[in-house]
Structure formats: structure tokens, C-alpha cells
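> Hey, dropping run31.cif in here, mmCIF, C-alpha atoms and all ligand atoms:
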data_data
loop_
_atom_site.label_atom_id
_atom_site.label_comp_id
_atom_site.auth_asym_id
_atom_site.auth_seq_id
_atom_site.Cartn_x
_atom_site.Cartn_y
_atom_site.Cartn_z
CA MET A 1 0.00 0.00 0.00
CA GLU A 2 1.36 3.33 -0.96
CA PHE A 3 1.08 6.96 0.01
CA PRO A 4 -1.40 8.57 0.61
CA ILE A 5 -3.25 5.43 1.80
CA THR A 6 -0.26 4.59 3.90
CA ARG A 7 0.99 7.36 6.14
CA MET A 8 3.75 6.19 8.47
CA ARG A 9 3.36 9.26 10.64
CA ARG A 10 -0.10 8.15 11.88
CA LEU A 11 1.36 5.95 14.59
CA ARG A 12 3.84 8.58 15.74
CA ARG A 13 1.29 11.24 16.59
CA THR A 14 0.96 10.84 20.34
CA ASP A 15 2.96 9.51 23.20
CA SER A 16 0.41 6.82 23.97
CA LEU A 17 0.40 5.59 20.36
CA ARG A 18 4.17 5.52 20.28
CA ARG A 19 4.20 3.54 23.52
CA MET A 20 1.64 1.11 22.15
CA VAL A 21 3.64 0.19 19.05
CA ARG A 22 7.11 0.24 20.57
CA GLU A 23 9.00 -3.03 19.89
CA THR A 24 12.04 -2.58 22.08
CA HIS A 25 12.00 -1.96 25.80
CA LEU A 26 14.67 -1.06 28.27
CA LEU A 27 14.10 -2.43 31.78
CA PRO A 28 16.10 -2.40 35.02
CA ASP A 29 16.10 -6.23 34.82
CA GLN A 30 18.37 -6.02 31.78
CA LEU A 31 21.12 -3.94 33.40
CA ILE A 32 24.28 -5.03 35.20
CA GLN A 33 26.35 -2.56 37.23
CA PRO A 34 30.16 -2.95 37.12
CA LEU A 35 32.00 -2.06 40.36
CA PHE A 36 35.71 -1.71 41.16
CA VAL A 37 36.86 -2.88 44.57
CA VAL A 38 40.17 -2.10 46.31
CA HIS A 39 41.79 -2.94 49.65
CA GLY A 40 41.73 -0.43 52.49
CA SER A 41 38.95 1.29 54.33
CA ASN A 42 36.83 4.24 53.43
CA VAL A 43 38.30 4.45 49.93
CA LYS A 44 36.27 6.22 47.26
CA LYS A 45 38.80 7.21 44.65
CA PRO A 46 37.36 8.81 41.50
CA VAL A 47 38.40 7.40 38.14
CA THR A 48 39.20 10.57 36.19
CA SER A 49 38.28 9.28 32.75
CA MET A 50 34.99 7.76 33.97
CA PRO A 51 32.99 10.49 35.72
CA GLY A 52 30.87 9.03 38.54
CA VAL A 53 32.91 5.80 38.75
CA HIS A 54 35.16 5.15 41.75
CA GLN A 55 37.53 2.58 43.12
CA LEU A 56 35.74 1.52 46.31
CA SER A 57 36.87 -0.29 49.42
CA VAL A 58 34.74 -3.19 50.58
CA GLU A 59 32.26 -1.30 52.80
CA ASN A 60 31.68 1.26 50.03
CA VAL A 61 31.25 -1.39 47.37
CA VAL A 62 28.62 -3.02 49.60
CA THR A 63 26.75 0.31 49.72
CA GLU A 64 26.91 0.66 45.94
CA ALA A 65 25.73 -2.92 45.46
CA GLN A 66 22.81 -2.23 47.74
CA ARG A 67 21.97 0.95 45.82
CA ALA A 68 21.96 -1.06 42.59
CA ALA A 69 19.66 -3.67 44.13
CA ASP A 70 17.32 -0.98 45.46
CA ALA A 71 17.09 0.55 41.98
CA GLY A 72 15.97 -2.83 40.62
CA VAL A 73 19.22 -3.90 38.98
CA PRO A 74 19.45 -7.72 39.19
CA GLY A 75 23.24 -8.04 39.18
CA ILE A 76 26.63 -6.42 39.55
CA ILE A 77 29.98 -7.41 38.08
CA LEU A 78 33.03 -7.06 40.30
CA PHE A 79 36.56 -6.11 39.25
CA GLY A 80 39.27 -6.35 41.88
CA ILE A 81 42.45 -4.36 42.35
CA PRO A 82 44.79 -6.47 44.50
CA ASP A 83 47.35 -5.06 46.95
CA HIS A 84 50.03 -7.31 45.54
CA LYS A 85 50.76 -8.31 41.95
CA ASP A 86 53.07 -11.12 40.80
CA ALA A 87 53.97 -12.88 37.56
CA ASP A 88 51.11 -15.40 37.76
CA GLY A 89 48.48 -13.16 39.33
CA SER A 90 48.12 -15.45 42.34
CA ALA A 91 46.15 -12.86 44.35
CA ALA A 92 43.25 -13.73 42.05
CA TRP A 93 42.68 -17.15 43.66
CA LYS A 94 43.34 -16.36 47.32
CA ALA A 95 40.49 -17.00 49.77
CA GLN A 96 41.16 -13.54 51.21
CA GLY A 97 41.42 -11.92 47.77
CA ILE A 98 39.73 -8.59 47.28
CA VAL A 99 36.83 -9.82 45.13
CA GLN A 100 36.37 -12.85 47.40
CA LYS A 101 36.07 -10.56 50.42
CA ALA A 102 33.71 -8.16 48.69
CA ALA A 103 31.51 -10.96 47.36
CA ALA A 104 31.05 -12.50 50.78
CA ARG A 105 30.05 -9.14 52.27
CA ILE A 106 27.71 -8.21 49.42
CA LYS A 107 26.02 -11.61 49.61
CA LYS A 108 25.12 -10.90 53.24
CA ALA A 109 23.95 -7.34 52.64
CA ALA A 110 22.01 -7.94 49.42
CA PRO A 111 21.19 -11.66 49.21
CA ASN A 112 18.90 -11.24 46.18
CA LEU A 113 21.49 -9.55 44.01
CA SER A 114 23.45 -11.75 41.58
CA ILE A 115 27.17 -11.28 41.95
CA ILE A 116 29.09 -11.76 38.73
CA ALA A 117 32.88 -11.88 38.88
CA ASP A 118 35.16 -10.98 35.99
CA VAL A 119 37.66 -13.82 35.71
CA CYS A 120 40.93 -12.69 34.17
CA PHE A 121 44.48 -11.92 35.29
CA CYS A 122 45.29 -8.50 33.87
CA GLU A 123 44.52 -6.76 37.18
CA TYR A 124 46.59 -9.31 39.13
CA THR A 125 49.79 -9.79 37.13
CA ASP A 126 52.78 -7.48 37.51
CA HIS A 127 53.13 -7.38 33.70
CA GLY A 128 49.44 -6.61 33.18
CA HIS A 129 48.74 -9.39 30.69
CA CYS A 130 45.74 -11.68 31.01
CA GLY A 131 47.68 -14.83 31.91
CA VAL A 132 51.03 -16.49 32.46
CA VAL A 133 53.74 -14.99 30.24
CA GLU A 134 56.34 -17.25 28.59
CA ASP A 135 58.95 -15.71 26.26
CA GLY A 136 57.01 -12.48 25.99
CA GLN A 137 53.72 -14.19 25.10
CA VAL A 138 50.70 -15.25 27.11
CA ASP A 139 50.84 -19.04 27.47
CA ASN A 140 47.28 -20.16 26.76
CA ASP A 141 47.26 -23.62 28.32
CA ALA A 142 49.21 -22.69 31.45
CA THR A 143 46.70 -19.88 32.02
CA LEU A 144 43.72 -22.26 31.80
CA GLU A 145 44.68 -24.03 35.02
CA ASN A 146 44.90 -20.73 36.87
CA LEU A 147 41.54 -19.58 35.51
CA ALA A 148 39.89 -22.69 36.94
CA LYS A 149 41.52 -21.99 40.34
CA GLN A 150 40.33 -18.38 40.27
CA ALA A 151 36.78 -19.41 39.35
CA VAL A 152 36.54 -22.03 42.12
CA SER A 153 37.89 -19.60 44.70
CA LEU A 154 35.30 -17.00 43.68
CA ALA A 155 32.45 -19.52 43.75
CA ASP A 156 33.62 -20.52 47.22
CA ALA A 157 33.32 -16.89 48.31
CA GLY A 158 29.71 -16.66 47.17
CA VAL A 159 29.97 -15.40 43.58
CA ASP A 160 26.90 -16.42 41.57
CA VAL A 161 28.16 -16.13 37.99
CA ILE A 162 31.66 -16.60 36.55
CA ALA A 163 32.54 -14.31 33.64
CA PRO A 164 35.84 -15.18 31.97
CA SER A 165 37.17 -12.24 29.92
CA GLY A 166 40.72 -13.24 29.04
CA MET A 167 40.10 -14.66 25.53
CA MET A 168 42.12 -17.81 26.20
CA ASP A 169 41.17 -20.70 23.91
CA GLY A 170 39.39 -23.37 25.95
CA MET A 171 38.74 -21.08 28.91
CA VAL A 172 35.06 -21.91 29.26
CA GLY A 173 35.69 -25.68 29.20
CA ALA A 174 38.53 -25.45 31.71
CA ILE A 175 36.47 -23.34 34.09
CA ARG A 176 33.39 -25.55 33.71
CA GLU A 177 35.48 -28.62 34.54
CA GLY A 178 37.09 -26.91 37.52
CA LEU A 179 33.75 -25.75 38.91
CA ASP A 180 32.12 -29.14 38.42
CA GLU A 181 34.97 -30.98 40.13
CA ALA A 182 34.69 -28.61 43.10
CA ASP A 183 30.96 -29.28 43.36
CA PHE A 184 29.92 -25.98 41.80
CA GLY A 185 27.95 -27.55 38.99
CA ASP A 186 25.19 -25.00 39.57
CA ILE A 187 27.32 -21.91 38.93
CA PRO A 188 26.70 -20.49 35.43
CA ILE A 189 29.35 -19.10 33.08
CA LEU A 190 28.82 -15.83 31.25
CA SER A 191 31.53 -15.95 28.61
CA TYR A 192 33.08 -12.84 27.12
CA ALA A 193 32.97 -15.00 24.00
CA VAL A 194 33.49 -12.20 21.52
CA LYS A 195 35.93 -9.64 22.81
CA TYR A 196 37.84 -7.35 20.52
CA ALA A 197 41.28 -5.80 21.02
CA SER A 198 39.74 -2.37 21.41
CA ALA A 199 40.87 1.15 22.15
CA PHE A 200 37.52 1.60 23.89
CA TYR A 201 38.93 -0.09 27.03
CA GLY A 202 41.31 2.81 27.74
CA PRO A 203 39.50 4.35 30.72
CA PHE A 204 38.84 0.94 32.29
CA ARG A 205 42.56 0.30 32.47
CA GLU A 206 42.90 3.39 34.65
CA ALA A 207 40.06 2.15 36.85
CA ALA A 208 41.37 -1.41 37.13
CA GLU A 209 45.08 -0.53 37.00
CA SER A 210 45.47 -3.19 34.34
CA SER A 211 47.42 -1.70 31.42
CA PRO A 212 49.91 -4.16 29.93
CA ALA A 213 53.50 -3.25 30.87
CA PHE A 214 54.68 -4.20 27.35
CA GLY A 215 52.94 -4.84 24.05
CA ASP A 216 49.18 -5.06 23.77
CA ARG A 217 46.47 -7.71 23.80
CA ARG A 218 46.18 -8.31 20.06
CA GLN A 219 47.55 -11.84 20.25
CA TYR A 220 44.56 -13.00 22.24
CA GLN A 221 41.74 -10.49 21.81
CA MET A 222 40.01 -10.34 18.43
CA ASP A 223 40.87 -8.15 15.47
CA PRO A 224 38.24 -5.40 14.99
CA ALA A 225 38.35 -6.09 11.25
CA ASN A 226 36.87 -9.56 11.72
CA GLY A 227 33.15 -10.21 12.10
CA ARG A 228 32.77 -13.79 10.87
CA GLU A 229 35.23 -15.08 13.45
CA ALA A 230 32.80 -13.96 16.16
CA LEU A 231 30.43 -16.79 15.30
CA ARG A 232 33.20 -19.37 15.60
CA GLU A 233 34.34 -17.94 18.94
CA ALA A 234 30.78 -18.08 20.26
CA ALA A 235 30.11 -21.59 18.91
CA LEU A 236 33.23 -22.90 20.65
CA ASP A 237 32.15 -21.39 23.96
CA VAL A 238 28.65 -22.81 23.60
CA GLY A 239 30.22 -26.21 22.96
CA GLU A 240 32.34 -25.86 26.10
CA GLY A 241 29.28 -25.16 28.23
CA ALA A 242 28.81 -21.39 28.31
CA ASP A 243 25.41 -20.45 29.75
CA MET A 244 25.42 -16.88 28.44
CA LEU A 245 27.42 -15.07 25.77
CA MET A 246 28.80 -11.56 25.63
CA VAL A 247 29.93 -9.19 22.90
CA LYS A 248 32.37 -6.47 23.88
CA PRO A 249 32.61 -3.56 23.16
CA ALA A 250 28.99 -2.92 22.23
CA LEU A 251 28.47 0.32 20.36
CA ALA A 252 30.99 -0.16 17.55
CA TYR A 253 30.02 -3.84 17.30
CA LEU A 254 26.23 -3.80 17.04
CA ASP A 255 26.49 -5.80 13.80
CA VAL A 256 28.29 -8.56 15.67
CA LEU A 257 25.70 -8.50 18.41
CA ARG A 258 22.98 -8.96 15.78
CA ASP A 259 24.91 -11.84 14.16
CA LEU A 260 25.13 -13.66 17.49
CA ARG A 261 21.47 -12.97 18.28
CA ASP A 262 20.42 -14.55 14.99
CA GLU A 263 22.67 -17.58 15.41
CA PHE A 264 22.34 -18.55 19.10
CA ASP A 265 19.48 -18.93 21.56
CA LEU A 266 21.57 -18.34 24.68
CA PRO A 267 21.02 -15.16 26.68
CA LEU A 268 23.21 -12.52 25.10
CA ALA A 269 24.98 -9.69 26.88
CA ALA A 270 26.54 -6.50 25.52
CA TYR A 271 29.27 -4.64 27.38
CA ASN A 272 28.81 -0.88 27.08
CA VAL A 273 32.49 -0.32 27.84
CA SER A 274 34.43 2.45 29.53
CA GLY A 275 35.42 4.33 26.35
CA GLU A 276 31.81 4.43 25.17
CA MET A 277 30.84 5.92 28.51
CA ALA A 278 33.75 8.38 28.56
CA MET A 279 32.85 9.81 25.13
CA VAL A 280 29.30 10.52 26.22
CA GLU A 281 30.31 12.00 29.58
CA ALA A 282 32.95 14.24 28.00
CA ALA A 283 30.56 15.59 25.40
CA ALA A 284 27.87 16.07 28.05
CA GLN A 285 30.28 17.98 30.31
CA ASN A 286 30.90 20.32 27.42
CA GLY A 287 27.19 20.85 27.00
CA TRP A 288 27.34 19.42 23.49
CA ILE A 289 24.75 16.66 23.90
CA ASP A 290 21.69 15.81 25.99
CA ARG A 291 23.27 13.30 28.38
CA LYS A 292 20.16 11.49 29.51
CA ARG A 293 18.68 11.07 26.04
CA ILE A 294 22.00 9.93 24.59
CA ILE A 295 22.41 7.32 27.33
CA LEU A 296 18.91 5.92 26.83
CA GLU A 297 19.27 5.91 23.04
CA THR A 298 22.66 4.18 23.31
CA LEU A 299 21.33 1.41 25.55
CA LEU A 300 18.23 1.01 23.40
CA SER A 301 20.44 0.48 20.33
CA MET A 302 22.08 -2.46 22.08
CA ARG A 303 18.70 -3.94 22.96
CA ARG A 304 17.51 -3.45 19.38
CA ALA A 305 20.63 -5.18 18.06
CA GLY A 306 19.70 -8.19 20.18
CA ALA A 307 21.21 -7.86 23.65
CA ASP A 308 19.16 -9.33 26.49
CA ILE A 309 21.54 -7.97 29.10
CA ILE A 310 23.66 -4.81 29.12
CA LEU A 311 26.66 -4.26 31.35
CA THR A 312 26.86 -0.52 31.79
CA TYR A 313 28.42 1.94 34.22
CA TRP A 314 25.08 3.77 34.09
CA ALA A 315 23.04 0.76 35.29
CA THR A 316 21.95 2.01 38.72
CA GLU A 317 21.28 5.54 37.48
CA VAL A 318 19.29 4.37 34.46
CA ALA A 319 17.31 1.86 36.51
CA GLY A 320 16.37 4.78 38.75
CA TRP A 321 15.16 6.78 35.72
CA LEU A 322 13.16 3.85 34.40
CA LYS A 323 11.46 3.27 37.72
CA ALA A 324 10.55 6.93 38.17
C1 LIG B 401 39.66 -7.72 31.43
C2 LIG B 401 38.60 -6.74 31.14
C3 LIG B 401 38.72 -5.51 30.47
C4 LIG B 401 37.44 -4.92 30.48
C5 LIG B 401 36.59 -5.79 31.15
N1 LIG B 401 37.33 -6.93 31.53
C6 LIG B 401 39.90 -4.79 29.94
C7 LIG B 401 40.77 -5.37 28.89
O1 LIG B 401 40.48 -6.38 28.26
O2 LIG B 401 41.81 -4.76 28.70
C8 LIG B 401 37.11 -3.60 29.88
C9 LIG B 401 35.81 -3.00 30.27
C10 LIG B 401 35.66 -1.57 29.90
O3 LIG B 401 36.45 -0.99 29.13
O4 LIG B 401 34.72 -0.97 30.39
N2 LIG B 401 39.74 -8.05 32.79
#
Would you mind writing the structure in this file as C-alpha cells?

Amino acid sequence: MEFPITRMRRLRRTDSLRRMVRETHLLPDQLIQPLFVVHGSNVKKPVTSMPGVHQLSVENVVTEAQRAADAGVPGIILFGIPDHKDADGSAAWKAQGIVQKAAARIKKAAPNLSIIADVCFCEYTDHGHCGVVEDGQVDNDATLENLAKQAVSLADAGVDVIAPSGMMDGMVGAIREGLDEADFGDIPILSYAVKYASAFYGPFREAAESSPAFGDRRQYQMDPANGREALREAALDVGEGADMLMVKPALAYLDVLRDLRDEFDLPLAAYNVSGEMAMVEAAAQNGWIDRKRIILETLLSMRRAGADIILTYWATEVAGWLKA
């Protein structure tokens, strides 16, 4: 049917009509709040390149977790900054490790909140790479064993979901096996299945103190030029027992998100990463954009591309807006 019989504007006339025909919805249930936890007490250290984000000591991270839960956010993801780094990143699997401590405390304070833990070594190694380094390269298979240890230690501390982000081949299988052997067969794995070697992680590395001391991560994270490879990465993780998949970053990779949505039935997450947030905050501080509308439109684009879940530094704030 053609114009003038068809007039597309008819359904855009009023707010109630627009609401009625809207396909895509953004809900607090879909948002995950990332939090950075450090040793010490009463620490609330701002991350300069991520306005509103802080490194928090345990009691402050508990408060933030509670705030997220009160806003209706179903989960948080924890990143830890250890007090001691070594070549293997052994602080990552200590019972008294920083994420272990925080998880135990959050579990008590907000029992209905799901605690996700990022499982990777870049914050814990003195060289800043995501695993054990041999001859200047990250040794994939040696790292797998350590990832399983880290995952079991976190599950022991009360973490509900394990989220490996290191892009080691076989990481999901190794972690699944480790968890099952330790009687954590019920703990799901959210795999950062499709993670690109991206400049959009810049601000995060300030927050997590995790910049590599030499080189970069291009030998294990994916090349931004490659889209097809994403489906193979995801299929491998599904085969190894991933319960949920993630694409990261989100905004510059909405095509990849859509490809995964069309190919897999698993719950799919998008990580609205630090650089995406920093660009919006910087422009907003200059008065160049409407911050709130840009944030909502950004998150909606990820939902429209197929994300069920969005990890975003704005989670608690946005959940508050959506509830109001
Ligand atoms: C690795 C990890 C990174 C991010 C999440 N997990 C950094 C990296 O791969 O260098 C980045 C998240 C962001 O930029 O917001 N532990």
C-alpha cells in the first residue's frame, strides 16, 4: 500500500500511540552494574576518565551494590584491584582476595542480588597481561589451570556467575570442569565470548590498573576487522558449556551483536564499555549533547541489536530513571 493510503506518521502522533507500538524496551532487569573494589577502608577514589565511577573499598562497594539492588538492577559485576601483583596473578585465587572478600560481604547485605565476577588476570599480574607470560607471550594452556583456580575460589566466596574475559582458547571448558569438580555444577558461566582488542577499554585500564607493561592484547583479543570469526568464537564457547554469551565492546560492534542474536538462543549480553561511557560523559560535560537522552538511546540500540543484558556503568542511574 502506498502513500497517501499509507501514512507512516499516523502511529507517531501521540505519546500513547508511540508507547503502544514500541517493539524494544529497556528495563532495570536487563542492566548489570560494574563495580571496582580495592583494599583499604573508606576508599572512594574517583576514576578521572569515567565520571561518577570510583575505586571503592569493601564497605563502600557493599553500599553501591545495595543501591543497585534498590534501583531494581538484578546483578553487579566485580573487578578487583589487588594489593600485591606477581607474575602469575596469584592474588586472584586467594580466599582472602579482594573480590572474594567483597563478594562475601555483598552476599550478606544484598542476598537477592546476583554477583558476577570478571575472571581474568590482567589486574593481578605485575606485567598486566591476562595470563602467564612465557617468552614475551601469554601461554594459553598454562593460564587455563589458573583460571579454573580463580573461578573455584570465587564460587567458594559466594559469587553467583563466573565471567571469563581473558580470551584464552578453551577457557570456558577449563572453568566448567574446575567448577564441576569442586561441586559448583550450579554456577553459570557468562563468557566474554566475543571480545575485541579495542581502544575503547582505555578508561577501564585506569580504573582497574590493568594496562599491559609491554605490548598489547592483540595476540589473544580479536581483530576489529573480523566479524565472521565472532560466530566461531561463540560456537566454541557454547560447545564448552557457556550459559550466556557476551559481545564487547557494544556500540561499535552492534552488527556482531545482531549476528550472534540470529545464530544462538543463549542469553546474550553486551558490554557498554568504559570508552563508550567516557565519550558521552565528556561531550555532556561540554554541554554538546543531551546526556540522559543519549544514554537511553545508546542502551536502546544495544537492545535493538539483540542484547538481552547490558553491562553498563550507568546501570543504577538508568534503573532509577526507568522506575521513576
Ligand atoms: C579484562 C577486562 C577488560 C574490560 C573488562 N574486563 C579490559 C581489557 O580487556 O583490557 C574492559 C571493560 C571496559 O572498558 O569498560 N579483565
> Write out as a PyMOL selection string each polymer residue whose atoms come within 10 Å of Ser49 in chain A, counting only C-alpha atoms; drop sequence neighbours fewer than 5 positions from it.
chain A and resi 202-207+274-275+277-279+281-282
> Could I get the residue neighbourhood of ligand LIG 401 (chain B) at 9 Å, counting only C-alpha atoms and all ligand atoms, as a VMD selection string?
chain A and resid 34 79 118 to 123 129 to 130 164 to 167 192 195 to 205 207 to 208 210 to 212 216 to 217 221 248 to 249 271 to 277 311 to 313
> Give the answer as one residue: which of A:Ile295, A:Val37, A:Met171, A:Leu254 has the shortest atom-to-atom distance to Asn60 in chain A, using all atoms listed in the file?
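Ranking A:Ile295, A:Val37, A:Met171, A:Leu254 by distance to Asn60 in chain A, first place goes to A:Val37.
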> One number please: CA of Ser153 in chain A to CA of Ile81 in chain A, in Å, one decimal.
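Distance between the two atoms: 16.1 Å.
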> Counting all atoms listed in the file, which residue out of A:Leu231, A:Val194, A:Ala252, A:Ala315 sits closest to Asp29 in chain A?
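Using all atoms listed in the file, Asp29 in chain A sits closest to A:Ala315.
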> To one decimal place, how far is CA of Ala148 in chain A from CA of Ala174 in chain A in Å?
6.1 Å
> In terms of the shortest atom-to-atom distance over all atoms listed in the file, which of A:Leu266, A:Val62, A:Ile189, A:Ile77 is closest to Arg105 in chain A?
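Checking each of A:Leu266, A:Val62, A:Ile189, A:Ile77 against Arg105 in chain A, counting all atoms listed in the file, the winner is A:Val62.
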> Choose the residue, out of A:Ala163, A:Leu257, A:Met1, A:Leu31, that has the smallest atom-to-atom separation from Asp237 in chain A; count only C-alpha atoms.
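Nearest candidate to Asp237 in chain A out of A:Ala163, A:Leu257, A:Met1, A:Leu31: A:Ala163.
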